[in-house]
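Worksheet: the structure to be examined is printed underneath.
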Amino acid sequence: MAQETNYPKRFKFEDIQNKWIEYWNKEKLYAFDIDKNGQIFSIDTPPPFVSGVLHIGQYLNYAWIDFVARYHRMKGENVYFPQGWDCHGLPVELAVTKYYKVKKDNRELFLQKCREWVESNIENMTRQLNILGYSTDWNYTYRTMNDNYKYKVQLSLLYFFNKGWLYREKFPTHFCVNCETSLAKAEVSYEEEEGKLWFIKLPLAGREDEYLTIATTRPEYMEACVAILINPNDGRYYDLSAAEVSIPFTDRIVKVYLDSNVDMNFGTGVVYVCTYGDEMDIKWKLQYNLEEIQIFTEDGHLNENSKYKGLTITDAREQIVKDLDKMGLIVKVEDYPHSVIIHSERSSCRKPIEYLPVYQWFINIKDFTEDILESGEVMKWYPEKQKQRLVDWAKGLDWNWVISRQRIFGTPIPFWYCEDCGEIIAPKKEDLPLDPVKKTPPLKKCPNCNSTKLIGEKDVCDCWIDSSITPLVISKWEEDSNFFKKAYTDAIMHRSQGYEIIRTWLFYTLFRCKMLTGKPPFYEVMINGMVAGPDGRIMSKSLGNYISPDEVVPQYGTDAVRYWTAMGSLGDDYPFEFTWINLQNKQPVSKELIMKEMQNLSKDKFNKKYQRRYEQLIGASRLLTKIWNAYRFLYLNLDKIEISDLIYNSKELSAIDCYYFSEFNKIIETITNHFEGYNWHEATMILRSFFWNDLCDNYIEAIKYKFYSEDESLRKRSLRNALILFYNILKVFSVIMPFITEEIYHILYKQFKELKSIHLENWAQSFTNLSEELIQYGKLGIDLIRNLRNIKSKLQIPLNQEISEVYIISVKDNVNYLELIKSDISNTLRINNLIFLKKPQKKTIKRTPDLKEDYTDLGLSIYFFK
């Protein structure tokens with residue numbers, strides 16, 4: 001027998017969350033066994049960068065992944081759900097420099113502190129994922145900084161080198177002079193900027209007082225000008241096809257070339273080609289075999305090839321414009337909005353990039369874009385529309401992948417090169433992982449030129465080189481052939497990620513895994529959108545516009561937050577909305593006042609005066625309260641009614657039972673279809689509506705009178721059926737809200753079940769052998785109850801007030817069958833005398849009713865007497 005006093009009237013999430021996290025860990029509830037029966041469903045989760053904190057936008061991503069894992073477990077699949085950490089990257093180095101005061105010159109100490117910083121951050125982020133109810137198996141955690149991971153990264157690079165796909169070359173690449181490293185094309189993007197367009201006249205060589213006017217947004221490139229281009233169809237310059245131009249600040253003269261790619265409508269229709277202002281400059285330099293003049297350093301200053309050596313690029317621009325104006329060469333200056341290419345992958349940078357010709361390591365990817373597209377085509381996309389991002393990126397790619405980064409904390413590029421001839425010396429497989437800066441090369445002399453100047457590569461790998469083999473790492477590629485076959489080759493491999501890294505993480509993973517194994521890695525991919533921060537921009541830790549789960553979970557609980565995430569739509573951005581509340585009067589306040597108060601008050605005083613209120617989470621909390629109240633009602637009745645089992649028996653269902661069980665059959669089919677397509681939003685909305693409107697507001701209201709019947713058999717039968725239906729709803733809810741469902745399971749259902757957790761249950765199935773006749777009369781009974789409630793409302797009669805008499809007149813020959821639902825109707829509406837009559841019998845009603853209603857759709861009329 002249950003003891004009601006043991007359990008609170010309200011759902012106190014703060015009391016139960018840690019309890020169940022500890023229980024699940026202790027019981028190894030989510031432990032993965034590679035040899036367990038069932039189709040292996042492998043989840044390749046995004047390894048978050050180890051910043052130290054997850055924001056609420058990332059919670060959405062990881063909550064969705066957890067939904068996937070929980071649903072597929074309930075389907076009976078053997079779910080392999082590991083979680084990794086993306087450890088390398090410039091932010092780690094910046095943090096170590098800032099917080100530990102260690103310089104990169106002290107290489108070994110610097111790397112040690114990087115690892116310490118990463119480990120401390122992983123500890124907090126692991127805590128946050130546990131609070132989320134994240135059902136990963138932590139025994140299969142990986143870190144990209146660990147030797148086992150580096151081994152596989154370096155082994156993959158050795159494979160690419162042996163295939164001729166990896167090479168070292170001096171080539172103008174995207175280079176962030178703010179971060180002082182090269183970038184892949186996927187790490188940059190264009191941003192609109194209000195700039196200036198300078199019209200500058202350049203002297204024609206050998207022609208006194210004759211000039212050719214160019215228009216440019218980058219006058220600081222003047223000393224790197226190597227050619228002038230005009231369109232051969234531009235009639236303004238037909239006489240200049242063989243001309244030459246003198247370049248200011250230099251003693252150089254450059255030729256004028258004719259090129260049909262020149263835009264005659266931009267500026268003056270004359271282009272000055274510099275090394276390198278943009279990608280077109282690179283193409284023209286190669287096309288016309290032009291000279292290369294590099295004037296920028298890697299830290300964003302002018303170098304020895306410029307008279308402005310030592311100035312920053314911005315300062316040099318300002319000085320060059322002044323000097324050109326003094327020389328009388330500035331014709332005019334116009335305001336000019338234009339697109340600037342920036343380092344967009346790091347939102348804390350977002351500075352303009354340059355094209356610097358430096359030695360870098362490349363992987364040939366352009367020749368394999370069709371392979372990538374084929375791998376993308378065989379996958380299922382959720383939603384399908386996001387596939388176009390991959391297609392557009394692959395088809396528009398015109399650069400090979402720059403994989404080297406001028407950093408310290410990263411996976412070393414495991415090669416040496418000859419300083420004299422550039423020959424690459426590869427390591428032996430058995431020597432991996434290695435750091436070529438510290439390890440002696442396998443050869444003493446260059447095999448090409450016999451030079452002894454063999455240099456260990458000091459650059460490290462792009463972080464996407466690390467993360468693009470996550471499917472191989474988690475499946476123990478080149479480590480355990482049996483595990484690899486089961487978890488990769490024969491498995492259903494699922495990838496979850498945001499749309500913003502389709503062109504990076506997904507693109508590179510499809511490429512690398514296909515090249516290394518011959519098999520596309522993924523069966524399907526689920527794409528989430530981005531969550532907007534308080535300022536309307538995409539939430540980002542580096543932008544500082546994020547909200548931490550540590551702020552909202554203590555206030556609303558994990559289940560509420562998870563429910564909020566389920567309301568997001570596949571592939572679409574999703575706001576996390578809130579209003580500011582004055583804690584004294586509980587009234588909302590304007591953003592303008594908040595901004596003013598933030599400036600005037602200390603953080604402590606501000607937090608004592610104002611608080612964010614999240615309406616979406618308040619709505620989720622109301623649902624949790626409704627679930628808790630439904631459990632408590634059934635629990636209190638179970639305290640009074642002895643039930644030995646919860647075995648479903650269709651023969652024990654009443655007409656009302658049959659109707660709602662059949663309605664559950666409809667919604668579980670629809671919900672399952674939505675879950676199969678990872679459409680959490682639609683599935684959860686349907687489930688919520690059925691639970692709230694059908695189960696709570698109608699079904700339980702229509703049957704609860706039976707719990708107090710003198711007929712013991714009726715009491716048991718009715719409560720058992722209600723518990724069965726509620727349990728099946730809870731099983732579906734358990735995917736989205738694991739804590740409240742586990743708590744209710746252990747209080748209410750574990751006494752009838754052999755499972756140690758609701759999260760070991762199978763997915764809810766349809767109820768069988770339902771009587772179609774009873775379903776129809778159950779539906780009619782519920783329709784009549786609704787209509788009679790409406791009549792009570794019209795007559796302003798409280799729902800719990802007794803009614804003296806009601807006549808229901810039927811045009812159909814079904815009065816005898818209506819007797820099946822008579823008790824349900826009369827007891828639910830508290831009708832003292834409910835009479836069913838055939839239509840010809842209505843003349844027996846001698847008095848005027850308080851209200852008469854006709855329901856032609858039901859073939860009924862109701863005569864209502866207070």
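Ordered as shown in the structure tokens, chains take letters A, B, and onward, while each chain numbers its residues from 1 and ligands are numbered from 1 in the order shown.
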
Please build the interface table for stretch 597-709 of chain A against stretch 63-70 of chain A with a cut-off of 9 Å, listing for each qualifying residue the nearest atom pair and the distance in Å to one decimal; count only C-alpha atoms, order rows by chain and increasing number, and write it as a Markdown table.
```
| residue | atom | partner | partner_atom | distance |
| --- | --- | --- | --- | --- |
| A:Phe675 | CA | A:Val68 | CA | 8.4 |
| A:Tyr678 | CA | A:Val68 | CA | 7.5 |
| A:Trp680 | CA | A:Trp64 | CA | 8.2 |
```

Just to be explicit: take each residue in the selection above, keep N, CA, C and O atoms, and write the result as an mmCIF file, in the first residue's frame.
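The resulting file, out28.cif, is reproduced below:
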```
data_model
loop_
_atom_site.group_PDB
_atom_site.id
_atom_site.type_symbol
_atom_site.label_atom_id
_atom_site.label_comp_id
_atom_site.auth_asym_id
_atom_site.auth_seq_id
_atom_site.Cartn_x
_atom_site.Cartn_y
_atom_site.Cartn_z
ATOM 1 N N PHE A 675 8.912 10.901 -34.335
ATOM 2 C CA PHE A 675 10.182 10.553 -33.703
ATOM 3 C C PHE A 675 11.136 9.928 -34.715
ATOM 4 O O PHE A 675 12.350 10.165 -34.661
ATOM 5 N N TYR A 678 12.734 12.614 -36.274
ATOM 6 C CA TYR A 678 13.338 13.534 -35.298
ATOM 7 C C TYR A 678 12.627 14.881 -35.248
ATOM 8 O O TYR A 678 13.245 15.913 -35.009
ATOM 9 N N TRP A 680 10.815 16.512 -33.042
ATOM 10 C CA TRP A 680 10.438 16.530 -31.629
ATOM 11 C C TRP A 680 9.285 17.490 -31.375
ATOM 12 O O TRP A 680 8.419 17.217 -30.522
#
```

Would you pick out the contacts of stretch 92-100 of chain A at 7 Å or less, using only C-alpha atoms, so that residues sharing its chain but fewer than 2 positions from it are not included, and give the list as a PDB file with N, CA and C atoms, in the first residue's frame?
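Writing done, so here's out_16.pdb:
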```pdb
ATOM      1  N   HIS A  88      41.922  21.060 -28.656  1.00  0.00           N
ATOM      2  CA  HIS A  88      42.920  21.962 -29.217  1.00  0.00           C
ATOM      3  C   HIS A  88      42.303  23.266 -29.705  1.00  0.00           C
ATOM      4  N   GLY A  89      43.156  24.248 -29.926  1.00  0.00           N
ATOM      5  CA  GLY A  89      42.678  25.484 -30.526  1.00  0.00           C
ATOM      6  C   GLY A  89      43.292  26.715 -29.880  1.00  0.00           C
ATOM      7  N   LEU A  90      43.228  27.794 -30.607  1.00  0.00           N
ATOM      8  CA  LEU A  90      43.802  29.057 -30.158  1.00  0.00           C
ATOM      9  C   LEU A  90      43.231  29.545 -28.827  1.00  0.00           C
ATOM     10  N   VAL A 102      52.025  32.009 -18.631  1.00  0.00           N
ATOM     11  CA  VAL A 102      53.095  31.206 -19.224  1.00  0.00           C
ATOM     12  C   VAL A 102      53.212  31.562 -20.700  1.00  0.00           C
ATOM     13  N   LYS A 103      54.435  31.801 -21.154  1.00  0.00           N
ATOM     14  CA  LYS A 103      54.657  32.165 -22.549  1.00  0.00           C
ATOM     15  C   LYS A 103      54.932  30.934 -23.393  1.00  0.00           C
ATOM     16  N   LYS A 113      50.375  23.284 -19.208  1.00  0.00           N
ATOM     17  CA  LYS A 113      49.326  24.142 -18.684  1.00  0.00           C
ATOM     18  C   LYS A 113      48.086  24.113 -19.583  1.00  0.00           C
ATOM     19  N   CYS A 114      48.304  23.959 -20.874  1.00  0.00           N
ATOM     20  CA  CYS A 114      47.155  23.801 -21.787  1.00  0.00           C
ATOM     21  C   CYS A 114      46.337  22.586 -21.398  1.00  0.00           C
ATOM     22  N   PHE A 409      49.563  24.263 -29.292  1.00  0.00           N
ATOM     23  CA  PHE A 409      48.722  23.232 -28.690  1.00  0.00           C
ATOM     24  C   PHE A 409      47.798  22.643 -29.748  1.00  0.00           C
TER      25      PHE A 409
END
```

Shell around stretch 546-561 of chain A at 8 Å using only C-alpha atoms, local window under 6 positions removed, as a list in words: Phe13, Glu14, Gln17, Val53, Leu54, His55, Ile56, Gly57, Tyr59, Gln128, Ile131, Leu132, Gly133, Gly533, Pro534, Met539, Ser540, Leu617, Ile618, Ala620, Ser621, Leu624, Ile736, Met737, Pro738, Phe739 and Ile740 of chain A

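Among the candidates A:Cys513, A:Ile230, A:Asp259, A:Asp35, the one nearest to A:Trp477 when counting only C-alpha atoms is A:Cys513.
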
Who sits within 9 Å of stretch 380-391 of chain A, only C-alpha atoms, same chain under 6 positions skipped, as a PyMOL selection string: chain A and resi 372-373+499+502-503+506-507+522-528+570-571+677-679
